[in-house]
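Printed here is input_11.cif (mmCIF, C-alpha atoms and all ligand atoms):
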```
data_final
#
loop_
_atom_site.group_PDB
_atom_site.id
_atom_site.type_symbol
_atom_site.label_atom_id
_atom_site.label_comp_id
_atom_site.auth_asym_id
_atom_site.auth_seq_id
_atom_site.Cartn_x
_atom_site.Cartn_y
_atom_site.Cartn_z
ATOM 1 C CA MET A 466 -28.149 -17.878 -35.705
ATOM 2 C CA SER A 467 -27.669 -18.401 -31.944
ATOM 3 C CA ILE A 468 -25.527 -16.027 -29.905
ATOM 4 C CA LEU A 469 -22.925 -18.829 -29.510
ATOM 5 C CA ASP A 470 -22.697 -19.270 -33.283
ATOM 6 C CA ARG A 471 -22.441 -15.553 -33.782
ATOM 7 C CA TYR A 472 -19.541 -15.107 -31.382
ATOM 8 C CA ARG A 473 -17.567 -18.307 -31.996
ATOM 9 C CA PRO A 474 -13.806 -17.947 -32.768
ATOM 10 C CA GLU A 475 -13.031 -17.461 -36.466
ATOM 11 C CA GLY A 476 -10.120 -18.685 -38.609
ATOM 12 C CA ARG A 477 -7.085 -19.539 -36.485
ATOM 13 C CA GLU A 478 -8.511 -17.941 -33.325
ATOM 14 C CA LYS A 479 -8.706 -20.130 -30.218
ATOM 15 C CA ILE A 480 -10.060 -19.505 -26.749
ATOM 16 C CA ASP A 481 -7.154 -18.447 -24.499
ATOM 17 C CA PHE A 482 -8.037 -20.356 -21.320
ATOM 18 C CA ALA A 483 -5.306 -18.725 -19.197
ATOM 19 C CA ARG A 484 -6.616 -15.265 -20.030
ATOM 20 C CA VAL A 485 -10.260 -16.276 -19.563
ATOM 21 C CA THR A 486 -9.420 -17.758 -16.139
ATOM 22 C CA PHE A 487 -7.622 -14.557 -15.134
ATOM 23 C CA LEU A 488 -10.573 -12.406 -16.227
ATOM 24 C CA VAL A 489 -13.074 -14.606 -14.366
ATOM 25 C CA VAL A 490 -10.961 -14.454 -11.169
ATOM 26 C CA ALA A 491 -10.525 -10.670 -11.545
ATOM 27 C CA HIS A 492 -14.300 -10.167 -11.901
ATOM 28 C CA ILE A 493 -15.059 -12.410 -8.891
ATOM 29 C CA LEU A 494 -12.552 -10.459 -6.754
ATOM 30 C CA ALA A 495 -14.040 -7.168 -8.010
ATOM 31 C CA ILE A 496 -17.511 -8.318 -6.902
ATOM 32 C CA ILE A 497 -16.134 -9.423 -3.507
ATOM 33 C CA SER A 498 -14.583 -5.913 -3.185
ATOM 34 C CA LEU A 499 -18.043 -4.349 -3.361
ATOM 35 C CA PHE A 500 -18.986 -6.148 -0.110
ATOM 36 C CA ASN A 501 -15.842 -4.856 1.641
ATOM 37 C CA PHE A 502 -16.192 -1.092 1.418
ATOM 38 C CA SER A 503 -13.908 1.307 3.279
ATOM 39 C CA TRP A 504 -13.151 4.992 2.676
ATOM 40 C CA GLN A 505 -9.447 4.193 2.320
ATOM 41 C CA GLY A 506 -10.366 1.558 -0.277
ATOM 42 C CA LEU A 507 -12.433 4.119 -2.206
ATOM 43 C CA ILE A 508 -9.511 6.593 -2.192
ATOM 44 C CA ALA A 509 -7.121 3.846 -3.402
ATOM 45 C CA PHE A 510 -9.642 2.979 -6.144
ATOM 46 C CA LEU A 511 -10.023 6.584 -7.326
ATOM 47 C CA VAL A 512 -6.301 7.411 -7.243
ATOM 48 C CA LEU A 513 -5.303 4.215 -9.063
ATOM 49 C CA TYR A 514 -8.219 4.518 -11.546
ATOM 50 C CA ALA A 515 -6.863 7.958 -12.474
ATOM 51 C CA VAL A 516 -3.200 6.862 -12.586
ATOM 52 C CA THR A 517 -3.712 3.671 -14.609
ATOM 53 C CA GLY A 518 -6.555 5.082 -16.755
ATOM 54 C CA MET A 519 -4.323 8.022 -17.683
ATOM 55 C CA GLY A 520 -1.464 5.558 -18.198
ATOM 56 C CA ILE A 521 -3.598 4.079 -20.982
ATOM 57 C CA THR A 522 -5.063 7.261 -22.506
ATOM 58 C CA PHE A 523 -2.131 9.651 -22.062
ATOM 59 C CA GLY A 524 0.697 7.088 -22.205
ATOM 60 C CA TYR A 525 -0.158 3.966 -24.198
ATOM 61 C CA HIS A 526 -2.611 5.684 -26.553
ATOM 62 C CA ARG A 527 -1.812 9.303 -27.370
ATOM 63 C CA LEU A 528 1.922 9.264 -26.555
ATOM 64 C CA PHE A 529 3.197 5.820 -27.618
ATOM 65 C CA THR A 530 0.662 4.658 -30.239
ATOM 66 C CA HIS A 531 0.021 7.941 -31.988
ATOM 67 C CA ARG A 532 3.128 9.961 -31.024
ATOM 68 C CA SER A 533 0.896 13.037 -30.918
ATOM 69 C CA PHE A 534 3.317 14.880 -28.586
ATOM 70 C CA LYS A 535 6.733 14.410 -26.976
ATOM 71 C CA VAL A 536 7.723 14.408 -23.301
ATOM 72 C CA PRO A 537 11.085 14.090 -21.493
ATOM 73 C CA LYS A 538 12.357 10.514 -21.074
ATOM 74 C CA LEU A 539 11.528 10.312 -17.346
ATOM 75 C CA LEU A 540 7.900 11.258 -17.992
ATOM 76 C CA GLU A 541 7.796 8.767 -20.874
ATOM 77 C CA VAL A 542 8.960 5.951 -18.578
ATOM 78 C CA LEU A 543 6.484 6.951 -15.830
ATOM 79 C CA SER A 544 3.671 6.935 -18.425
ATOM 80 C CA ALA A 545 4.712 3.460 -19.597
ATOM 81 C CA LEU A 546 4.738 2.195 -15.983
ATOM 82 C CA ALA A 547 1.290 3.704 -15.266
ATOM 83 C CA GLY A 548 -0.083 2.056 -18.427
ATOM 84 C CA THR A 549 1.565 -1.254 -17.520
ATOM 85 C CA LEU A 550 -0.223 -1.146 -14.136
ATOM 86 C CA ALA A 551 -3.563 -1.262 -15.986
ATOM 87 C CA MET A 552 -2.719 -4.910 -16.928
ATOM 88 C CA GLN A 553 -3.949 -4.476 -20.508
ATOM 89 C CA GLY A 554 -0.835 -6.046 -21.979
ATOM 90 C CA ASN A 555 2.682 -4.703 -22.288
ATOM 91 C CA VAL A 556 3.421 -1.487 -24.195
ATOM 92 C CA MET A 557 4.526 -3.199 -27.433
ATOM 93 C CA ARG A 558 1.474 -5.466 -27.670
ATOM 94 C CA TRP A 559 -1.026 -2.667 -26.854
ATOM 95 C CA VAL A 560 0.546 -0.231 -29.319
ATOM 96 C CA ALA A 561 0.712 -2.862 -32.095
ATOM 97 C CA HIS A 562 -2.936 -3.897 -31.579
ATOM 98 C CA HIS A 563 -4.137 -0.309 -31.531
ATOM 99 C CA ARG A 564 -2.216 0.594 -34.697
ATOM 100 C CA MET A 565 -3.787 -2.484 -36.366
ATOM 101 C CA HIS A 566 -7.187 -1.151 -35.224
ATOM 102 C CA HIS A 567 -6.616 2.162 -37.006
ATOM 103 C CA ALA A 568 -5.033 0.553 -40.085
ATOM 104 C CA PHE A 569 -7.939 -1.897 -40.636
ATOM 105 C CA SER A 570 -10.757 -0.214 -38.699
ATOM 106 C CA ASP A 571 -13.821 -2.507 -38.483
ATOM 107 C CA GLU A 572 -12.398 -4.903 -41.091
ATOM 108 C CA GLY A 573 -11.056 -8.459 -40.825
ATOM 109 C CA GLN A 574 -7.602 -7.602 -39.459
ATOM 110 C CA ASP A 575 -8.901 -5.138 -36.842
ATOM 111 C CA PRO A 576 -8.200 -6.926 -33.490
ATOM 112 C CA HIS A 577 -11.587 -5.761 -32.129
ATOM 113 C CA ASN A 578 -13.565 -5.504 -35.370
ATOM 114 C CA SER A 579 -16.922 -4.095 -34.202
ATOM 115 C CA ASN A 580 -18.675 -5.638 -37.233
ATOM 116 C CA ARG A 581 -18.384 -8.938 -35.321
ATOM 117 C CA GLY A 582 -20.816 -7.610 -32.718
ATOM 118 C CA PHE A 583 -20.793 -5.617 -29.483
ATOM 119 C CA TRP A 584 -19.497 -8.409 -27.243
ATOM 120 C CA TYR A 585 -16.684 -9.385 -29.604
ATOM 121 C CA SER A 586 -15.389 -5.801 -29.758
ATOM 122 C CA HIS A 587 -15.883 -5.378 -25.989
ATOM 123 C CA ILE A 588 -14.375 -8.464 -24.311
ATOM 124 C CA LEU A 589 -14.321 -11.572 -26.535
ATOM 125 C CA TRP A 590 -11.421 -10.330 -28.644
ATOM 126 C CA VAL A 591 -9.349 -10.378 -25.423
ATOM 127 C CA CYS A 592 -10.453 -13.964 -24.694
ATOM 128 C CA TYR A 593 -9.455 -15.298 -28.129
ATOM 129 C CA ALA A 594 -5.793 -15.896 -28.940
ATOM 130 C CA ASN A 595 -4.915 -15.168 -32.560
ATOM 131 C CA PRO A 596 -1.511 -16.780 -33.260
ATOM 132 C CA GLU A 597 -1.186 -15.071 -36.624
ATOM 133 C CA ARG A 598 -1.883 -11.562 -35.354
ATOM 134 C CA ASP A 599 0.121 -11.956 -32.153
ATOM 135 C CA ARG A 600 3.342 -13.389 -33.611
ATOM 136 C CA PRO A 601 6.252 -11.418 -32.075
ATOM 137 C CA GLU A 602 7.468 -10.408 -35.569
ATOM 138 C CA GLU A 603 3.976 -9.134 -36.435
ATOM 139 C CA LEU A 604 3.733 -7.109 -33.200
ATOM 140 C CA ARG A 605 7.221 -5.694 -33.833
ATOM 141 C CA ARG A 606 6.263 -4.805 -37.416
ATOM 142 C CA PHE A 607 3.503 -2.546 -36.074
ATOM 143 C CA ALA A 608 5.576 -1.165 -33.167
ATOM 144 C CA ARG A 609 9.094 -0.769 -34.573
ATOM 145 C CA ASP A 610 9.655 2.454 -32.626
ATOM 146 C CA ILE A 611 8.866 0.703 -29.330
ATOM 147 C CA ALA A 612 11.140 -2.229 -30.219
ATOM 148 C CA ALA A 613 13.925 0.227 -31.088
ATOM 149 C CA ASP A 614 13.723 1.981 -27.696
ATOM 150 C CA LYS A 615 15.858 0.140 -25.140
ATOM 151 C CA THR A 616 13.911 1.285 -22.060
ATOM 152 C CA LEU A 617 10.465 0.661 -23.557
ATOM 153 C CA ARG A 618 11.648 -2.735 -24.826
ATOM 154 C CA MET A 619 12.714 -3.675 -21.289
ATOM 155 C CA ILE A 620 9.356 -2.565 -19.840
ATOM 156 C CA SER A 621 7.461 -4.414 -22.625
ATOM 157 C CA SER A 622 7.395 -7.813 -20.950
ATOM 158 C CA ASP A 623 4.447 -9.699 -19.506
ATOM 159 C CA GLY A 624 6.651 -10.961 -16.646
ATOM 160 C CA PHE A 625 7.484 -7.395 -15.648
ATOM 161 C CA MET A 626 3.809 -6.374 -15.942
ATOM 162 C CA ILE A 627 2.712 -9.166 -13.570
ATOM 163 C CA ALA A 628 5.576 -8.469 -11.118
ATOM 164 C CA LEU A 629 4.669 -4.757 -10.994
ATOM 165 C CA GLN A 630 1.004 -5.533 -10.228
ATOM 166 C CA ALA A 631 2.026 -8.112 -7.598
ATOM 167 C CA ALA A 632 4.266 -5.513 -5.938
ATOM 168 C CA LEU A 633 1.353 -3.041 -5.812
ATOM 169 C CA CYS A 634 -0.896 -5.770 -4.342
ATOM 170 C CA ALA A 635 1.674 -6.566 -1.637
ATOM 171 C CA PHE A 636 2.251 -2.881 -0.829
ATOM 172 C CA LEU A 637 -1.461 -2.023 -0.431
ATOM 173 C CA TRP A 638 -2.110 -5.164 1.629
ATOM 174 C CA ALA A 639 0.906 -4.596 3.912
ATOM 175 C CA VAL A 640 0.176 -0.905 4.554
ATOM 176 C CA TRP A 641 -3.658 -0.655 4.556
ATOM 177 C CA GLY A 642 -4.949 -4.232 4.625
ATOM 178 C CA TRP A 643 -6.568 -6.653 2.174
ATOM 179 C CA GLN A 644 -9.807 -4.691 1.721
ATOM 180 C CA VAL A 645 -7.876 -1.680 0.379
ATOM 181 C CA MET A 646 -5.849 -4.054 -1.826
ATOM 182 C CA LEU A 647 -9.107 -5.452 -3.286
ATOM 183 C CA TRP A 648 -10.397 -1.954 -4.163
ATOM 184 C CA GLY A 649 -7.048 -0.541 -5.326
ATOM 185 C CA VAL A 650 -6.096 -3.524 -7.484
ATOM 186 C CA TRP A 651 -8.988 -5.784 -8.494
ATOM 187 C CA LEU A 652 -12.046 -3.515 -8.547
ATOM 188 C CA ARG A 653 -9.982 -0.726 -10.102
ATOM 189 C CA MET A 654 -8.443 -3.083 -12.702
ATOM 190 C CA VAL A 655 -11.840 -4.435 -13.786
ATOM 191 C CA ALA A 656 -13.332 -0.904 -13.907
ATOM 192 C CA VAL A 657 -10.481 0.376 -16.120
ATOM 193 C CA TYR A 658 -10.779 -2.740 -18.334
ATOM 194 C CA HIS A 659 -14.444 -2.075 -19.071
ATOM 195 C CA ALA A 660 -13.893 1.665 -19.504
ATOM 196 C CA THR A 661 -11.163 1.008 -22.105
ATOM 197 C CA TRP A 662 -13.145 -1.759 -23.817
ATOM 198 C CA LEU A 663 -16.184 0.561 -24.098
ATOM 199 C CA VAL A 664 -14.127 2.718 -26.470
ATOM 200 C CA ASN A 665 -13.884 -0.305 -28.797
ATOM 201 C CA SER A 666 -17.518 -1.410 -28.341
ATOM 202 C CA ALA A 667 -19.881 1.439 -27.317
ATOM 203 C CA ALA A 668 -17.878 4.144 -29.155
ATOM 204 C CA HIS A 669 -18.158 2.059 -32.346
ATOM 205 C CA LYS A 670 -21.921 1.676 -31.922
ATOM 206 C CA TRP A 671 -23.749 4.492 -30.114
ATOM 207 C CA GLY A 672 -23.418 8.255 -30.382
ATOM 208 C CA TYR A 673 -23.058 10.937 -33.042
ATOM 209 C CA ARG A 674 -20.427 11.908 -35.591
ATOM 210 C CA ASN A 675 -18.639 15.175 -36.329
ATOM 211 C CA TYR A 676 -16.812 13.574 -39.281
ATOM 212 C CA LYS A 677 -17.846 11.439 -42.232
ATOM 213 C CA ASP A 678 -15.158 8.840 -41.983
ATOM 214 C CA GLY A 679 -16.429 5.585 -43.418
ATOM 215 C CA ASP A 680 -15.875 3.464 -40.303
ATOM 216 C CA ARG A 681 -18.197 2.874 -37.346
ATOM 217 C CA ALA A 682 -16.463 5.074 -34.732
ATOM 218 C CA THR A 683 -18.814 7.424 -32.859
ATOM 219 C CA ASN A 684 -18.655 10.180 -30.249
ATOM 220 C CA CYS A 685 -20.198 8.733 -27.076
ATOM 221 C CA TRP A 686 -20.312 11.265 -24.214
ATOM 222 C CA TRP A 687 -20.524 8.804 -21.309
ATOM 223 C CA VAL A 688 -17.551 6.810 -22.604
ATOM 224 C CA GLY A 689 -15.722 10.156 -22.800
ATOM 225 C CA LEU A 690 -16.414 10.753 -19.096
ATOM 226 C CA LEU A 691 -15.265 7.254 -18.058
ATOM 227 C CA THR A 692 -12.059 7.346 -20.135
ATOM 228 C CA PHE A 693 -10.743 10.879 -19.644
ATOM 229 C CA GLY A 694 -11.838 11.923 -23.140
ATOM 230 C CA GLU A 695 -11.375 8.823 -25.301
ATOM 231 C CA GLY A 696 -15.122 8.564 -25.995
ATOM 232 C CA TRP A 697 -14.868 11.289 -28.697
ATOM 233 C CA HIS A 698 -13.845 8.422 -30.885
ATOM 234 C CA ASN A 699 -15.252 9.563 -34.237
ATOM 235 C CA ASN A 700 -13.131 12.714 -33.820
ATOM 236 C CA HIS A 701 -10.139 10.534 -32.949
ATOM 237 C CA HIS A 702 -10.560 8.241 -35.975
ATOM 238 C CA ALA A 703 -10.821 11.287 -38.265
ATOM 239 C CA HIS A 704 -7.492 12.693 -36.968
ATOM 240 C CA SER A 705 -5.823 9.872 -35.041
ATOM 241 C CA ASN A 706 -2.347 11.382 -34.728
ATOM 242 C CA VAL A 707 -3.327 14.616 -32.963
ATOM 243 C CA ALA A 708 -3.265 15.122 -29.188
ATOM 244 C CA PRO A 709 -6.840 16.396 -28.487
ATOM 245 C CA ALA A 710 -9.897 14.150 -28.979
ATOM 246 C CA GLY A 711 -12.648 16.719 -28.249
ATOM 247 C CA ARG A 712 -13.581 19.184 -31.032
ATOM 248 C CA GLN A 713 -16.673 21.037 -29.831
ATOM 249 C CA TRP A 714 -16.413 23.196 -26.687
ATOM 250 C CA TRP A 715 -18.523 20.795 -24.641
ATOM 251 C CA GLU A 716 -16.593 17.646 -25.602
ATOM 252 C CA LEU A 717 -14.657 17.396 -22.321
ATOM 253 C CA ASP A 718 -11.252 15.784 -22.845
ATOM 254 C CA VAL A 719 -9.380 15.488 -19.537
ATOM 255 C CA THR A 720 -6.341 13.848 -21.184
ATOM 256 C CA TRP A 721 -5.995 16.874 -23.458
ATOM 257 C CA LEU A 722 -6.228 19.197 -20.421
ATOM 258 C CA LEU A 723 -3.257 17.321 -18.929
ATOM 259 C CA ILE A 724 -1.274 17.503 -22.196
ATOM 260 C CA LYS A 725 -2.064 21.244 -22.477
ATOM 261 C CA SER A 726 -0.944 21.831 -18.866
ATOM 262 C CA LEU A 727 2.318 19.995 -19.531
ATOM 263 C CA ARG A 728 2.787 22.043 -22.724
ATOM 264 C CA SER A 729 2.395 25.281 -20.778
ATOM 265 C CA LEU A 730 5.099 24.031 -18.380
ATOM 266 C CA GLY A 731 7.358 23.182 -21.306
ATOM 267 C CA LEU A 732 7.122 19.456 -20.521
ATOM 268 C CA ALA A 733 5.077 18.465 -23.595
ATOM 269 C CA THR A 734 6.505 19.553 -26.948
ATOM 270 C CA ASP A 735 5.735 19.009 -30.633
ATOM 271 C CA VAL A 736 2.036 18.782 -29.685
ATOM 272 C CA LYS A 737 -0.003 18.012 -32.812
ATOM 273 C CA THR A 738 -3.469 19.608 -33.170
ATOM 274 C CA PRO A 739 -6.249 19.209 -35.795
ATOM 275 C CA PRO A 740 -7.700 21.927 -38.049
ATOM 276 C CA PRO A 741 -10.736 23.709 -36.502
ATOM 277 C CA LEU A 742 -13.947 21.722 -37.086
ATOM 278 C CA ALA A 743 -15.532 24.599 -39.020
ATOM 279 C CA LEU A 744 -12.662 24.610 -41.534
ATOM 280 C CA ASP A 745 -12.239 20.841 -41.849
ATOM 281 C CA PRO A 746 -13.530 19.588 -45.217
ATOM 282 C CA ASN A 747 -14.121 16.136 -43.693
ATOM 283 C CA SER A 748 -16.485 17.430 -40.983
ATOM 284 C CA ILE A 749 -20.256 16.998 -41.202
ATOM 285 C CA ARG A 750 -21.183 19.169 -38.235
ATOM 286 C CA PRO A 751 -19.110 22.328 -38.589
ATOM 287 C CA ALA A 752 -19.283 24.745 -35.678
ATOM 288 C CA ARG A 753 -21.192 27.946 -36.403
ATOM 289 C CA ARG A 754 -18.757 30.546 -37.752
ATOM 290 C CA SER A 755 -18.845 33.994 -36.216
ATOM 291 C CA ALA A 756 -19.867 36.732 -38.656
HETATM 292 ZN ZN ZN B 801 -11.797 2.773 -32.756
HETATM 293 ZN ZN ZN B 802 -6.124 5.614 -31.434
#
```
Starting from the file, give its structure as structure tokens.
Ligand SMILES: [Zn+2]
Ligand SMILES: [Zn+2]
Amino acid sequence: MSILDRYRPEGREKIDFARVTFLVVAHILAIISLFNFSWQGLIAFLVLYAVTGMGITFGYHRLFTHRSFKVPKLLEVLSALAGTLAMQGNVMRWVAHHRMHHAFSDEGQDPHNSNRGFWYSHILWVCYANPERDRPEELRRFARDIAADKTLRMISSDGFMIALQAALCAFLWAVWGWQVMLWGVWLRMVAVYHATWLVNSAAHKWGYRNYKDGDRATNCWWVGLLTFGEGWHNNHHAHSNVAPAGRQWWELDVTWLLIKSLRSLGLATDVKTPPPLALDPNSIRPARRSA
């Protein structure tokens, strides 16, 4: 079977040419950025990588999808805006897709089913439109809480997402010039895309497991570093609705450090945590118990 046969759209899937064109343009602009280095551009890249990457891990993922803690409304809205700036789809769509991923992990209805190969779970699933999966009623069915929240419903629009990114583009260009805009928007956007997609591809393929869970999710340390802790994905699949993703002392989870800091300030409440690895009957690598 050729690679083209292996990765061709299945069922009612079709190539989404608008999205493919956008991704091609984004990657070309990201490559052009590399030839236009400036220190200000690097700072814009790092700051916006942290803000939008955390918008996905802290906001879209652990707060909105899994409701693993609560924050005051203002912080909730800021998290939604930071996630929206990552251009990975509006809140409702992202949350619905990710809940489908956990409900049908690595099976037919998983939006990025890793059994269809590394490249499908990494980027091709974004390039294929699936009219059945992406019907508004279907997305709402998986994200009723988002649809019921007036503010989040207002933010959950592709038009708003594009306008917000365009405003950031214009601001960076007007204040620091086009080179800084390239690094702060396009290079950063492409870097955060691949970091997030690696959770669906690499962290369903390479690494080790702390839990026997039945699906393909793994703990992949370098994905953990790139995604502020999301690479401890076998841990996350075993207990998806808890706030921390790391279990062993060396599994660095920067998103959890932020949630813990907010909890100590009284800004994160109802923070859900898993049982200790050593006491968890589902674990296969229990930590050594002290005598
Ligand atoms: Zn997964
Ligand atoms: Zn998840």
### Task
Find the spatial neighbours of Leu663 of chain A, counting only C-alpha atoms, within a cut-off of 7 Å - ignore same-chain residues fewer than 5 positions away - and output them as a list in words.
His587, Ala668 and Val688 of chain A
Closest contacts (chain A/ligand ZN 802 (chain B), max 10 Å, only C-alpha atoms and all ligand atoms) as a tab-separated table:
```
residue	atom	partner	partner_atom	distance
A:Thr522	CA	B:ZN802	ZN	9.1
A:Tyr525	CA	B:ZN802	ZN	9.5
A:His526	CA	B:ZN802	ZN	6.0
A:Arg527	CA	B:ZN802	ZN	7.0
A:Thr530	CA	B:ZN802	ZN	7.0
A:His531	CA	B:ZN802	ZN	6.6
A:Val560	CA	B:ZN802	ZN	9.1
A:His563	CA	B:ZN802	ZN	6.2
A:Arg564	CA	B:ZN802	ZN	7.1
A:Met565	CA	B:ZN802	ZN	9.8
A:His566	CA	B:ZN802	ZN	7.8
A:His567	CA	B:ZN802	ZN	6.6
A:Val664	CA	B:ZN802	ZN	9.9
A:Glu695	CA	B:ZN802	ZN	8.7
A:His698	CA	B:ZN802	ZN	8.2
A:His701	CA	B:ZN802	ZN	6.5
A:His702	CA	B:ZN802	ZN	6.9
A:His704	CA	B:ZN802	ZN	9.1
A:Ser705	CA	B:ZN802	ZN	5.6
A:Asn706	CA	B:ZN802	ZN	7.6
A:Val707	CA	B:ZN802	ZN	9.5
A:Ala710	CA	B:ZN802	ZN	9.7
```
Explicit residue set for the PyMOL selection byres (((chain A and resi 622) around 10) and not hetatm), as a PDB file with C-alpha atoms, keeping the file's coordinate frame:
```
ATOM      1  CA  THR A 549       1.565  -1.254 -17.520  1.00  0.00           C
ATOM      2  CA  GLY A 554      -0.835  -6.046 -21.979  1.00  0.00           C
ATOM      3  CA  ASN A 555       2.682  -4.703 -22.288  1.00  0.00           C
ATOM      4  CA  VAL A 556       3.421  -1.487 -24.195  1.00  0.00           C
ATOM      5  CA  MET A 557       4.526  -3.199 -27.433  1.00  0.00           C
ATOM      6  CA  ARG A 558       1.474  -5.466 -27.670  1.00  0.00           C
ATOM      7  CA  LEU A 617      10.465   0.661 -23.557  1.00  0.00           C
ATOM      8  CA  ARG A 618      11.648  -2.735 -24.826  1.00  0.00           C
ATOM      9  CA  MET A 619      12.714  -3.675 -21.289  1.00  0.00           C
ATOM     10  CA  ILE A 620       9.356  -2.565 -19.840  1.00  0.00           C
ATOM     11  CA  SER A 621       7.461  -4.414 -22.625  1.00  0.00           C
ATOM     12  CA  ASP A 623       4.447  -9.699 -19.506  1.00  0.00           C
ATOM     13  CA  GLY A 624       6.651 -10.961 -16.646  1.00  0.00           C
ATOM     14  CA  PHE A 625       7.484  -7.395 -15.648  1.00  0.00           C
ATOM     15  CA  MET A 626       3.809  -6.374 -15.942  1.00  0.00           C
ATOM     16  CA  ILE A 627       2.712  -9.166 -13.570  1.00  0.00           C
TER      17      ILE A 627
END
```
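Shell of Ser586 of chain A at 9 Å, with all atoms listed in the file counted and residues fewer than 2 places along the chain excluded, is A:Pro576, A:His577, A:Asn578, A:Ser579, A:Asn580, A:Arg581, A:Gly582, A:Phe583, A:Trp584, A:Ile588, A:Leu589, A:Trp590, A:Val591, A:Trp662, A:Leu663, A:Asn665, A:Ser666, A:Ala667, A:His669.
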### Task
Compile the contact shell of Leu499 of chain A as a count of residues only: residues with an atom at most 12 Å away, counting all atoms listed in the file, same-chain residues fewer than 2 positions apart removed.
20
Once you've located segment 521-526 of chain A in the structure I gave, write it as a PDB file, in the first residue's frame, keeping all heavy atoms.
```pdb
ATOM      1  N   ILE A 521      -3.973  27.054  25.290  1.00  0.00           N
ATOM      2  CA  ILE A 521      -4.450  25.723  24.901  1.00  0.00           C
ATOM      3  C   ILE A 521      -4.403  24.748  26.082  1.00  0.00           C
ATOM      4  O   ILE A 521      -5.397  24.107  26.397  1.00  0.00           O
ATOM      5  CB  ILE A 521      -3.596  25.164  23.730  1.00  0.00           C
ATOM      6  CG1 ILE A 521      -3.825  25.998  22.454  1.00  0.00           C
ATOM      7  CG2 ILE A 521      -3.922  23.701  23.465  1.00  0.00           C
ATOM      8  CD1 ILE A 521      -5.228  25.948  21.893  1.00  0.00           C
ATOM      9  N   THR A 522      -3.245  24.660  26.766  1.00  0.00           N
ATOM     10  CA  THR A 522      -3.120  23.605  27.788  1.00  0.00           C
ATOM     11  C   THR A 522      -3.915  23.948  29.053  1.00  0.00           C
ATOM     12  O   THR A 522      -4.676  23.125  29.555  1.00  0.00           O
ATOM     13  CB  THR A 522      -1.639  23.381  28.161  1.00  0.00           C
ATOM     14  OG1 THR A 522      -1.135  24.551  28.781  1.00  0.00           O
ATOM     15  CG2 THR A 522      -0.795  23.088  26.944  1.00  0.00           C
ATOM     16  N   PHE A 523      -3.749  25.173  29.534  1.00  0.00           N
ATOM     17  CA  PHE A 523      -4.429  25.592  30.762  1.00  0.00           C
ATOM     18  C   PHE A 523      -5.909  25.873  30.483  1.00  0.00           C
ATOM     19  O   PHE A 523      -6.791  25.433  31.229  1.00  0.00           O
ATOM     20  CB  PHE A 523      -3.736  26.854  31.298  1.00  0.00           C
ATOM     21  CG  PHE A 523      -4.409  27.510  32.480  1.00  0.00           C
ATOM     22  CD1 PHE A 523      -4.001  27.202  33.775  1.00  0.00           C
ATOM     23  CD2 PHE A 523      -5.414  28.442  32.308  1.00  0.00           C
ATOM     24  CE1 PHE A 523      -4.609  27.809  34.872  1.00  0.00           C
ATOM     25  CE2 PHE A 523      -6.033  29.053  33.396  1.00  0.00           C
ATOM     26  CZ  PHE A 523      -5.634  28.734  34.681  1.00  0.00           C
ATOM     27  N   GLY A 524      -6.162  26.632  29.391  1.00  0.00           N
ATOM     28  CA  GLY A 524      -7.526  27.090  29.104  1.00  0.00           C
ATOM     29  C   GLY A 524      -8.359  26.056  28.374  1.00  0.00           C
ATOM     30  O   GLY A 524      -9.232  25.408  28.965  1.00  0.00           O
ATOM     31  N   TYR A 525      -8.084  25.890  27.075  1.00  0.00           N
ATOM     32  CA  TYR A 525      -8.905  24.996  26.247  1.00  0.00           C
ATOM     33  C   TYR A 525      -8.952  23.578  26.825  1.00  0.00           C
ATOM     34  O   TYR A 525      -9.987  22.944  26.837  1.00  0.00           O
ATOM     35  CB  TYR A 525      -8.318  24.919  24.825  1.00  0.00           C
ATOM     36  CG  TYR A 525      -8.820  25.959  23.852  1.00  0.00           C
ATOM     37  CD1 TYR A 525      -9.250  27.213  24.267  1.00  0.00           C
ATOM     38  CD2 TYR A 525      -8.849  25.682  22.486  1.00  0.00           C
ATOM     39  CE1 TYR A 525      -9.687  28.152  23.350  1.00  0.00           C
ATOM     40  CE2 TYR A 525      -9.288  26.619  21.560  1.00  0.00           C
ATOM     41  CZ  TYR A 525      -9.707  27.860  21.994  1.00  0.00           C
ATOM     42  OH  TYR A 525     -10.138  28.768  21.075  1.00  0.00           O
ATOM     43  N   HIS A 526      -7.758  23.062  27.256  1.00  0.00           N
ATOM     44  CA  HIS A 526      -7.706  21.651  27.621  1.00  0.00           C
ATOM     45  C   HIS A 526      -8.160  21.369  29.055  1.00  0.00           C
ATOM     46  O   HIS A 526      -9.203  20.786  29.289  1.00  0.00           O
ATOM     47  CB  HIS A 526      -6.279  21.115  27.369  1.00  0.00           C
ATOM     48  CG  HIS A 526      -6.185  19.634  27.523  1.00  0.00           C
ATOM     49  ND1 HIS A 526      -5.069  19.003  28.002  1.00  0.00           N
ATOM     50  CD2 HIS A 526      -7.085  18.647  27.264  1.00  0.00           C
ATOM     51  CE1 HIS A 526      -5.280  17.695  28.029  1.00  0.00           C
ATOM     52  NE2 HIS A 526      -6.495  17.454  27.582  1.00  0.00           N
TER      53      HIS A 526
END
```
